[in-house]
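Q: model.cif (mmCIF, C-alpha atoms) pasted underneath:
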```cif
data_work
#
loop_
_atom_site.label_atom_id
_atom_site.label_comp_id
_atom_site.auth_asym_id
_atom_site.auth_seq_id
_atom_site.Cartn_x
_atom_site.Cartn_y
_atom_site.Cartn_z
CA MET T 17 -118.46 84.34 47.47
CA LYS T 18 -118.85 87.98 48.36
CA LEU T 19 -120.69 89.16 45.22
CA LEU T 20 -123.27 86.38 45.56
CA LYS T 21 -123.92 87.26 49.21
CA GLU T 22 -124.31 90.92 48.23
CA ASN T 23 -126.88 89.94 45.60
CA ILE T 24 -128.79 87.82 48.12
CA THR T 25 -128.85 90.65 50.65
CA ARG T 26 -129.83 93.24 48.06
CA TYR T 27 -132.34 91.38 45.87
CA GLY T 28 -133.40 88.32 47.87
CA LYS T 29 -136.89 88.30 49.35
CA VAL T 30 -137.70 86.13 52.35
CA LEU T 31 -141.25 84.76 52.12
CA PRO T 32 -143.33 82.79 54.63
CA GLY T 33 -142.35 79.12 54.86
CA ASP T 34 -138.58 79.73 54.79
CA ILE T 35 -138.68 80.54 51.09
CA LEU T 36 -135.95 82.78 49.71
CA ARG T 37 -137.01 84.29 46.41
CA VAL T 38 -134.04 85.14 44.21
CA ASP T 39 -135.98 85.70 41.01
CA ALA T 40 -134.11 88.91 40.28
CA PHE T 41 -130.72 87.31 39.61
CA LEU T 42 -130.86 83.52 39.76
CA ASN T 43 -134.16 81.69 39.41
CA HIS T 44 -136.09 83.65 36.81
CA LEU T 45 -133.97 86.56 35.60
CA VAL T 46 -130.46 85.12 35.51
CA ASP T 47 -127.38 87.28 36.01
CA VAL T 48 -125.06 85.42 33.68
CA LYS T 49 -121.99 87.45 34.68
CA LEU T 50 -122.53 86.49 38.32
CA LEU T 51 -122.82 82.84 37.30
CA GLU T 52 -119.60 83.06 35.29
CA ARG T 53 -117.86 84.18 38.44
CA ALA T 54 -119.53 81.38 40.40
CA GLY T 55 -118.28 78.91 37.78
CA ARG T 56 -114.72 80.21 38.18
CA GLU T 57 -115.08 79.88 41.93
CA PHE T 58 -116.13 76.22 41.66
CA ARG T 59 -113.20 75.64 39.30
CA LYS T 60 -110.88 76.98 42.00
CA ILE T 61 -112.54 75.02 44.83
CA PHE T 62 -112.39 71.71 42.97
CA LYS T 63 -108.94 72.38 41.51
CA GLY T 64 -106.93 69.25 40.84
CA GLU T 65 -110.04 67.06 40.54
CA ARG T 66 -110.72 65.42 37.21
CA VAL T 67 -114.32 66.18 36.24
CA ASP T 68 -115.91 64.62 33.14
CA LYS T 69 -119.48 65.84 33.49
CA ILE T 70 -121.46 68.39 35.43
CA LEU T 71 -124.79 66.98 36.61
CA THR T 72 -127.74 69.16 37.61
CA ALA T 73 -131.54 69.09 37.62
CA GLU T 74 -133.82 71.19 35.45
CA SER T 75 -134.65 74.02 35.48
CA SER T 76 -132.90 76.52 37.69
CA GLY T 77 -129.78 74.37 38.01
CA ILE T 78 -129.09 74.56 34.29
CA ALA T 79 -127.65 78.07 33.99
CA PRO T 80 -125.20 77.76 36.92
CA ALA T 81 -124.24 74.26 35.74
CA ALA T 82 -123.61 75.51 32.19
CA MET T 83 -121.43 78.37 33.40
CA THR T 84 -119.47 75.96 35.61
CA ALA T 85 -119.15 73.42 32.78
CA ARG T 86 -117.67 76.17 30.63
CA GLU T 87 -114.87 76.62 33.16
CA PHE T 88 -114.21 72.89 33.39
CA LYS T 89 -114.52 72.49 29.58
CA VAL T 90 -116.93 69.57 30.00
CA PRO T 91 -120.60 69.00 29.10
CA VAL T 92 -123.61 69.46 31.39
CA LEU T 93 -126.06 66.65 31.94
CA PHE T 94 -129.39 67.82 33.30
CA ALA T 95 -131.82 65.43 34.93
CA LYS T 96 -135.35 65.84 33.58
CA LYS T 97 -138.38 66.22 35.77
CA ASN T 98 -140.94 64.97 33.28
CA GLN T 99 -140.36 61.98 31.12
CA ALA T 100 -141.02 63.42 27.67
CA LYS T 101 -142.25 61.29 24.78
CA ASN T 102 -138.82 61.50 23.22
CA MET T 103 -136.91 60.19 26.25
CA PRO T 104 -135.08 56.90 25.81
CA ASP T 105 -136.43 53.77 27.54
CA LYS T 106 -133.41 53.07 29.69
CA VAL T 107 -133.15 55.61 32.48
CA TYR T 108 -131.97 56.12 36.02
CA THR T 109 -134.65 57.68 38.22
CA ALA T 110 -134.93 59.16 41.69
CA LYS T 111 -137.89 60.57 43.61
CA ILE T 112 -137.60 64.09 44.96
CA MET T 113 -139.87 66.01 47.30
CA SER T 114 -140.10 69.63 46.20
CA TYR T 115 -141.20 71.86 49.05
CA THR T 116 -141.31 74.85 46.70
CA HIS T 117 -143.79 73.14 44.37
CA GLY T 118 -145.44 71.08 47.12
CA LYS T 119 -145.17 67.72 45.39
CA VAL T 120 -143.07 64.63 44.81
CA TYR T 121 -141.64 64.16 41.33
CA ASP T 122 -139.24 61.88 39.52
CA ILE T 123 -135.98 63.01 38.03
CA VAL T 124 -134.77 61.00 35.09
CA VAL T 125 -131.39 60.57 33.37
CA SER T 126 -130.74 58.49 30.28
CA LYS T 127 -128.46 55.50 30.95
CA GLU T 128 -126.68 56.17 27.67
CA LEU T 129 -125.36 59.51 28.89
CA LEU T 130 -123.93 58.64 32.32
CA THR T 131 -121.68 55.63 32.79
CA SER T 132 -119.34 54.07 35.30
CA GLY T 133 -116.23 55.75 33.93
CA ASP T 134 -117.58 59.27 34.58
CA ARG T 135 -116.31 61.54 37.33
CA VAL T 136 -119.23 63.81 38.14
CA LEU T 137 -119.51 67.20 39.80
CA VAL T 138 -123.09 67.98 40.85
CA ILE T 139 -124.05 71.65 40.64
CA ASP T 140 -127.31 73.16 41.90
CA ASP T 141 -128.68 76.59 42.68
CA PHE T 142 -130.16 75.76 46.09
CA LEU T 143 -129.58 73.32 48.91
CA ALA T 144 -132.14 73.24 51.72
CA ARG T 145 -133.23 69.88 53.12
CA GLY T 146 -131.03 68.17 50.52
CA GLU T 147 -133.83 66.34 48.70
CA ALA T 148 -132.77 67.30 45.17
CA LEU T 149 -129.11 66.73 45.90
CA ARG T 150 -129.75 63.26 47.34
CA GLY T 151 -131.71 62.43 44.17
CA LEU T 152 -128.85 63.54 41.95
CA ILE T 153 -126.30 61.66 44.07
CA SER T 154 -128.47 58.54 43.85
CA ILE T 155 -128.38 58.81 40.05
CA VAL T 156 -124.57 59.05 40.10
CA GLU T 157 -124.50 55.94 42.29
CA GLN T 158 -126.96 54.04 40.08
CA ALA T 159 -124.64 54.71 37.13
CA GLY T 160 -121.64 53.43 39.08
CA ALA T 161 -120.01 56.78 38.34
CA THR T 162 -117.72 58.64 40.76
CA LEU T 163 -119.07 61.64 42.66
CA VAL T 164 -116.36 64.31 42.89
CA GLY T 165 -118.56 66.53 45.04
CA CYS T 166 -121.40 69.01 45.03
CA GLY T 167 -121.19 72.73 44.30
CA ILE T 168 -124.11 74.84 45.51
CA LEU T 169 -124.80 78.52 45.07
CA ILE T 170 -127.10 79.11 48.04
CA GLU T 171 -127.33 76.74 50.98
CA LYS T 172 -130.01 77.29 53.59
CA GLY T 173 -127.77 76.12 56.42
CA PHE T 174 -130.58 76.21 58.97
CA GLN T 175 -132.45 73.47 57.08
CA LYS T 176 -129.53 71.10 57.73
CA GLY T 177 -129.51 69.20 54.41
CA GLY T 178 -125.92 70.25 53.64
CA ASP T 179 -124.54 69.33 57.04
CA ALA T 180 -126.21 65.90 56.91
CA LEU T 181 -124.59 65.20 53.55
CA ARG T 182 -121.19 66.38 54.83
CA GLU T 183 -121.53 64.10 57.84
CA ALA T 184 -122.18 61.27 55.41
CA GLY T 185 -118.78 61.99 53.86
CA ILE T 186 -119.92 63.87 50.75
CA ARG T 187 -117.99 66.95 49.73
CA VAL T 188 -120.50 69.81 49.61
CA GLU T 189 -119.17 73.28 48.78
CA SER T 190 -121.58 76.20 48.94
CA LEU T 191 -120.77 79.72 47.78
CA ALA T 192 -123.17 81.23 50.32
CA ILE T 193 -124.56 79.52 53.43
CA ILE T 194 -127.47 81.22 55.17
CA ASP T 195 -127.61 80.48 58.88
CA SER T 196 -130.77 82.45 59.52
CA MET T 197 -133.21 84.68 57.70
CA ASP T 198 -136.51 86.35 58.49
CA GLU T 199 -139.31 88.10 56.66
CA SER T 200 -138.13 91.55 57.67
CA GLY T 201 -135.11 90.92 55.49
CA ASN T 202 -132.40 89.98 57.98
CA ILE T 203 -130.17 87.41 56.35
CA ILE T 204 -127.20 86.08 58.33
CA PHE T 205 -124.48 84.17 56.48
CA ARG T 206 -122.25 81.50 57.98
CA GLN T 207 -118.64 82.67 58.35
CA MET Q 26 -123.85 76.87 11.37
CA LYS Q 27 -121.73 74.02 10.09
CA LEU Q 28 -120.72 72.47 13.43
CA LEU Q 29 -124.34 72.36 14.62
CA LYS Q 30 -125.47 70.64 11.42
CA GLU Q 31 -122.64 68.11 11.79
CA ASN Q 32 -123.80 67.36 15.34
CA ILE Q 33 -127.39 66.92 14.18
CA THR Q 34 -126.33 64.55 11.40
CA ARG Q 35 -124.00 62.59 13.66
CA TYR Q 36 -125.93 62.37 16.94
CA GLY Q 37 -129.53 63.25 16.08
CA LYS Q 38 -132.10 60.44 16.10
CA VAL Q 39 -135.28 60.76 14.09
CA LEU Q 40 -138.20 59.12 15.90
CA PRO Q 41 -141.79 58.44 14.79
CA GLY Q 42 -144.00 61.54 14.86
CA ASP Q 43 -141.39 63.90 13.37
CA ILE Q 44 -139.43 63.95 16.60
CA LEU Q 45 -135.72 64.71 16.40
CA ARG Q 46 -133.95 63.54 19.53
CA VAL Q 47 -130.81 65.54 20.23
CA ASP Q 48 -130.27 64.34 23.78
CA ALA Q 49 -126.59 63.71 23.15
CA PHE Q 50 -125.58 67.36 22.73
CA LEU Q 51 -128.49 69.74 23.32
CA ASN Q 52 -131.55 68.60 25.26
CA HIS Q 53 -130.21 66.37 27.99
CA LEU Q 54 -126.42 66.21 27.74
CA VAL Q 55 -125.45 69.74 26.73
CA ASP Q 56 -122.33 70.48 24.69
CA VAL Q 57 -121.48 73.81 26.24
CA LYS Q 58 -118.66 74.53 23.79
CA LEU Q 59 -121.06 74.13 20.88
CA LEU Q 60 -123.50 76.51 22.58
CA GLU Q 61 -120.75 79.06 23.11
CA ARG Q 62 -120.16 79.03 19.38
CA ALA Q 63 -123.90 79.31 18.76
CA GLY Q 64 -123.99 82.32 21.08
CA ARG Q 65 -121.18 83.98 19.14
CA GLU Q 66 -123.06 83.26 15.92
CA PHE Q 67 -126.22 84.97 17.24
CA ARG Q 68 -124.08 87.91 18.35
CA LYS Q 69 -122.84 88.23 14.77
CA ILE Q 70 -126.30 87.82 13.20
CA PHE Q 71 -127.91 90.45 15.45
CA LYS Q 72 -124.91 92.77 15.31
CA GLY Q 73 -125.79 96.42 15.70
CA GLU Q 74 -129.02 95.65 17.56
CA ARG Q 75 -129.34 96.83 21.14
CA VAL Q 76 -130.42 93.89 23.26
CA ASP Q 77 -131.27 94.31 26.97
CA LYS Q 78 -132.53 90.85 27.79
CA ILE Q 79 -132.54 87.37 26.35
CA LEU Q 80 -135.91 85.65 26.81
CA THR Q 81 -136.37 81.88 26.65
CA ALA Q 82 -138.58 79.15 28.12
CA GLU Q 83 -137.48 76.49 30.59
CA SER Q 84 -135.91 74.01 30.38
CA SER Q 85 -133.96 73.25 27.25
CA GLY Q 86 -133.89 76.88 26.14
CA ILE Q 87 -131.92 77.93 29.21
CA ALA Q 88 -128.43 76.71 28.28
CA PRO Q 89 -128.40 78.18 24.74
CA ALA Q 90 -129.95 81.41 26.07
CA ALA Q 91 -127.33 81.68 28.81
CA MET Q 92 -124.46 81.18 26.37
CA THR Q 93 -125.97 83.80 24.06
CA ALA Q 94 -126.55 86.21 26.95
CA ARG Q 95 -122.88 85.86 27.84
CA GLU Q 96 -121.94 87.15 24.38
CA PHE Q 97 -124.38 90.07 24.60
CA LYS Q 98 -123.38 90.77 28.23
CA VAL Q 99 -127.04 90.86 29.30
CA PRO Q 100 -129.17 88.72 31.63
CA VAL Q 101 -131.42 85.82 30.64
CA LEU Q 102 -135.07 85.79 31.60
CA PHE Q 103 -136.62 82.34 31.43
CA ALA Q 104 -140.37 81.85 31.32
CA LYS Q 105 -141.53 79.24 33.83
CA LYS Q 106 -143.80 76.37 32.96
CA ASN Q 107 -145.18 75.78 36.41
CA GLN Q 108 -146.22 78.54 38.68
CA ALA Q 109 -144.21 77.73 41.80
CA LYS Q 110 -145.34 78.76 45.27
CA ASN Q 111 -142.63 81.39 45.31
CA MET Q 112 -143.69 83.12 42.06
CA PRO Q 113 -144.90 86.70 42.35
CA ASP Q 114 -148.60 87.47 41.90
CA LYS Q 115 -148.27 89.76 38.91
CA VAL Q 116 -147.34 87.79 35.84
CA TYR Q 117 -147.67 87.68 32.07
CA THR Q 118 -148.89 84.30 30.84
CA ALA Q 119 -149.32 82.51 27.54
CA LYS Q 120 -150.68 79.07 26.68
CA ILE Q 121 -148.47 76.71 24.71
CA MET Q 122 -149.26 73.36 23.13
CA SER Q 123 -146.32 71.00 23.54
CA TYR Q 124 -146.43 68.20 21.00
CA THR Q 125 -143.39 66.57 22.61
CA HIS Q 126 -145.13 66.29 25.99
CA GLY Q 127 -148.63 65.95 24.54
CA LYS Q 128 -150.27 68.70 26.60
CA VAL Q 129 -151.10 72.37 26.87
CA TYR Q 130 -149.30 74.36 29.53
CA ASP Q 131 -148.91 77.94 30.67
CA ILE Q 132 -145.68 79.84 30.56
CA VAL Q 133 -145.33 82.57 33.11
CA VAL Q 134 -143.08 85.64 33.44
CA SER Q 135 -143.03 88.05 36.37
CA LYS Q 136 -144.18 91.56 35.43
CA GLU Q 137 -141.41 93.00 37.60
CA LEU Q 138 -138.72 91.55 35.38
CA LEU Q 139 -139.86 92.56 31.88
CA THR Q 140 -140.96 96.10 31.14
CA SER Q 141 -141.75 98.38 28.23
CA GLY Q 142 -138.23 99.79 27.96
CA ASP Q 143 -136.68 96.37 27.27
CA ARG Q 144 -135.36 95.31 23.88
CA VAL Q 145 -135.66 91.53 23.85
CA LEU Q 146 -133.99 88.79 21.85
CA VAL Q 147 -135.86 85.48 22.13
CA ILE Q 148 -133.63 82.38 22.03
CA ASP Q 149 -134.85 78.80 21.89
CA ASP Q 150 -133.44 75.39 21.10
CA PHE Q 151 -136.19 74.23 18.73
CA LEU Q 152 -138.73 75.76 16.39
CA ALA Q 153 -141.32 73.45 14.84
CA ARG Q 154 -144.93 74.62 14.62
CA GLY Q 155 -143.95 77.81 16.41
CA GLU Q 156 -146.14 77.31 19.47
CA ALA Q 157 -143.49 78.07 22.09
CA LEU Q 158 -142.11 81.00 20.12
CA ARG Q 159 -145.55 82.57 19.70
CA GLY Q 160 -146.07 82.25 23.45
CA LEU Q 161 -142.77 84.00 24.17
CA ILE Q 162 -143.53 86.72 21.61
CA SER Q 163 -146.95 87.24 23.20
CA ILE Q 164 -145.24 87.82 26.56
CA VAL Q 165 -142.92 90.42 25.00
CA GLU Q 166 -146.01 92.14 23.56
CA GLN Q 167 -147.92 91.98 26.85
CA ALA Q 168 -144.99 93.76 28.50
CA GLY Q 169 -144.98 96.43 25.80
CA ALA Q 170 -141.32 95.55 25.24
CA THR Q 171 -139.60 95.56 21.83
CA LEU Q 172 -138.89 92.27 20.10
CA VAL Q 173 -135.52 92.44 18.37
CA GLY Q 174 -135.96 89.00 16.84
CA CYS Q 175 -135.75 85.28 17.52
CA GLY Q 176 -132.65 83.10 17.42
CA ILE Q 177 -133.22 79.37 17.08
CA LEU Q 178 -130.77 76.52 17.09
CA ILE Q 179 -132.76 73.92 15.18
CA GLU Q 180 -135.76 74.77 13.02
CA LYS Q 181 -137.87 71.98 11.59
CA GLY Q 182 -138.56 73.88 8.38
CA PHE Q 183 -141.08 71.32 7.13
CA GLN Q 184 -143.39 72.10 10.07
CA LYS Q 185 -143.72 75.69 8.80
CA GLY Q 186 -143.81 77.55 12.11
CA GLY Q 187 -140.75 79.62 11.25
CA ASP Q 188 -141.94 80.61 7.80
CA ALA Q 189 -145.34 81.69 9.18
CA LEU Q 190 -143.63 83.94 11.73
CA ARG Q 191 -141.34 85.40 9.05
CA GLU Q 192 -144.36 86.13 6.86
CA ALA Q 193 -145.86 87.96 9.83
CA GLY Q 194 -142.81 90.24 9.80
CA ILE Q 195 -140.88 88.73 12.70
CA ARG Q 196 -137.15 88.29 12.32
CA VAL Q 197 -136.43 84.59 12.88
CA GLU Q 198 -132.83 83.42 12.49
CA SER Q 199 -132.12 79.70 12.75
CA LEU Q 200 -128.65 78.18 12.86
CA ALA Q 201 -129.87 74.96 11.20
CA ILE Q 202 -133.10 74.52 9.24
CA ILE Q 203 -134.18 70.97 8.49
CA ASP Q 204 -136.24 70.67 5.31
CA SER Q 205 -136.82 66.96 5.59
CA MET Q 206 -135.86 64.02 7.77
CA ASP Q 207 -136.83 60.38 8.02
CA GLU Q 208 -136.44 57.51 10.44
CA SER Q 209 -133.65 55.91 8.44
CA GLY Q 210 -131.55 58.91 9.38
CA ASN Q 211 -131.65 61.07 6.25
CA ILE Q 212 -131.65 64.70 7.33
CA ILE Q 213 -131.70 67.38 4.64
CA PHE Q 214 -130.84 70.96 5.60
CA ARG Q 215 -132.12 74.09 3.87
CA GLN Q 216 -129.35 75.86 1.94
#
```
Since I need it in another form, could you write the structure as C-alpha cells?

A:
Amino acid sequence: MKLLKENITRYGKVLPGDILRVDAFLNHLVDVKLLERAGREFRKIFKGERVDKILTAESSGIAPAAMTAREFKVPVLFAKKNQAKNMPDKVYTAKIMSYTHGKVYDIVVSKELLTSGDRVLVIDDFLARGEALRGLISIVEQAGATLVGCGILIEKGFQKGGDALREAGIRVESLAIIDSMDESGNIIFRQ
Amino acid sequence: MKLLKENITRYGKVLPGDILRVDAFLNHLVDVKLLERAGREFRKIFKGERVDKILTAESSGIAPAAMTAREFKVPVLFAKKNQAKNMPDKVYTAKIMSYTHGKVYDIVVSKELLTSGDRVLVIDDFLARGEALRGLISIVEQAGATLVGCGILIEKGFQKGGDALREAGIRVESLAIIDSMDESGNIIFRQ
C-alpha cells in the first residue's frame, strides 16, 4: 500500500535494536484516514471470504482492526493483555514474548465471545518475529474457529516471522514489508 | 443515545463492586457499527467546535475514539499505560487509580504529539469516579492545549465523577448516564 509506505519513509524512526517507531501515525497518534484506507485494502485482499469477526490484541492493534471491521461490517474482538477483575472466568490464553516491552505476557479472550462457528480474520499493526500473531492464531485454534488469514500493516520481513507462518500454510497479507532498515533512515521495502 | 442504552440493558452484566461488564459490545467484543453511531452523536453534540485531535487512553478508549475521530476527520492520540522501550524521552504523564484493575498506573503522552495550538476532545468508554478523565485533562493542561470537552459512552452517574467535573466547569457529555444499577440487572438511566 503506497500511502502506508510513504508514511513509514516520512515519519518512521529506526531505533537501535531493530525498532521502528511509528508513533506519529500508527502507534500513538493514529492517522484514522490512513487506517480507513488500510481497512478497504484488506477488504479487497480478502474479497470473497466470509469473515464473522476481526481478532486483534490490545492496544495498537485496536484502531486498525476497528477500521477493517467497519469495512467488513463485523465486530472486533480484542485479546486483553491483563486479566482485569471484571473478566469472565472461562478464557482462552496464550503466552507472548514482547521484544518491545522486554517481557512475556498472557493474552486472554473470553470463551463466550469466540466459538467454533466463527470465521476469523486476524489484524495487527506489526509483524516481526511473529510472536503476537502466533498467540492470536493459537486462540483461534483453541476456540475451534476457522482462521481466514492475517492482515498486517507493517511486516519487518528481515525478522522472518511472516515467512515462517506462510511456510506453515497460513495466509499472511502485509500492506508494507520492510526487507531492511538502518538507523540512518534507509528503509527498503519488499517488491 | 437510545441504541447504546438498549445495548447496556440487554448485554450489560452488573457485578459485585459496582462493576458493569460490557464485554459483549464495548470492552472486549466491540460493536463497531454502534461506535460509528456514537461518533456521529459526538459530532452533533460538539457541532461548531474546532477539534484538532481526539485524546483517549488505551485500551478500551481506542475504538470509540477512532470512530469519533473519523467523524471529525482528525487523528486520535492515545495515552499509553506502559512506557515501552520505543517511547520518546519527553513525555507528559499523569497518575491514574484504576479500580477495575486494582492499581495505580501512569499514563504517558509524547510531548512531540500534543502542543499548545491543539484543540482537544477527550473521548472515553467509561466515566465513574473520574480518575482516568482527570488524568487525560491534566495531560491536555500540561501541553498548554485547549480542552474542548469530554465525550463519554457510559457514565456511572452514581459514582459522581462526571458531576464533579461539570461543577469544575468542564464540558462532559455522556451518551448514557446510569443513576443506579444492581446485581439483579436493574439499570436505571438518568433522563

Q: As an exercise, work out the distance from CA of Gly167 in chain T to CA of Phe58 in chain T in Å and give it to one decimal place.

A: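 Spanning CA of Gly167 in chain T to CA of Phe58 in chain T is a straight-line distance of 6.7 Å.
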
Q: Could you tell me how far CA of Arg144 in chain Q lies from CA of Leu45 in chain T, in Å and to one decimal?

A: 14.7 Å

Q: Counting all atoms listed in the file, collect the residues of chain Q whose closest atom lies at most 7 Å from chain T, and write them out as a list in words.

A: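 My answer is Arg46, His53, Leu54, Val55, Asp56, Val57, Glu83, Ser84, Ile87, Ala88, Ala91, Ala94, Arg95, Pro100, Val101, Leu102, Phe103, Ala109, Lys110, Asn111, Thr125, His126 and Leu138 of chain Q.
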
Q: With a distance cut-off of 10 Å and all atoms listed in the file, select the neighbouring residues of range 154-171 of chain Q, excluding the residue or stretch itself and same-chain residues fewer than 3 positions from it, and output the selection as JSON, numbers by chain.

A: {"Q": [76, 77, 80, 81, 82, 103, 104, 116, 117, 118, 119, 120, 121, 122, 123, 124, 131, 132, 133, 134, 135, 136, 137, 138, 139, 140, 141, 142, 143, 144, 145, 146, 147, 148, 149, 151, 174, 175, 177, 180, 181, 182, 183, 184, 185, 186, 187, 188, 189, 190, 195, 197]}

Q: Report, in Å with one decimal, the straight-line distance from CA of Arg59 in chain T to CA of Asp195 in chain T.

A: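 One can read the CA of Arg59 in chain T to CA of Asp195 in chain T distance as 24.8 Å.
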
Q: Let me have the centre and edge lengths in Å, one decimal, of the box along x, y and z around every listed atom of range 40-47 of chain T with 6 Å of margin on each side, as AutoDock Vina command-line options.

A:
```
--center_x -131.7 --center_y 85.3 --center_z 37.9 --size_x 20.7 --size_y 19.2 --size_z 16.8
```

Q: Give me the residues near Gln207 in chain T as a list in words, where near means some atom within 12 Å (using all atoms listed in the file) and where sequence neighbours in that chain fewer than 5 positions away do not count.

A: Met17, Lys18, Lys21, Gly173, Ser190, Leu191, Ala192, Ile193, Ile194 and Asp195 of chain T
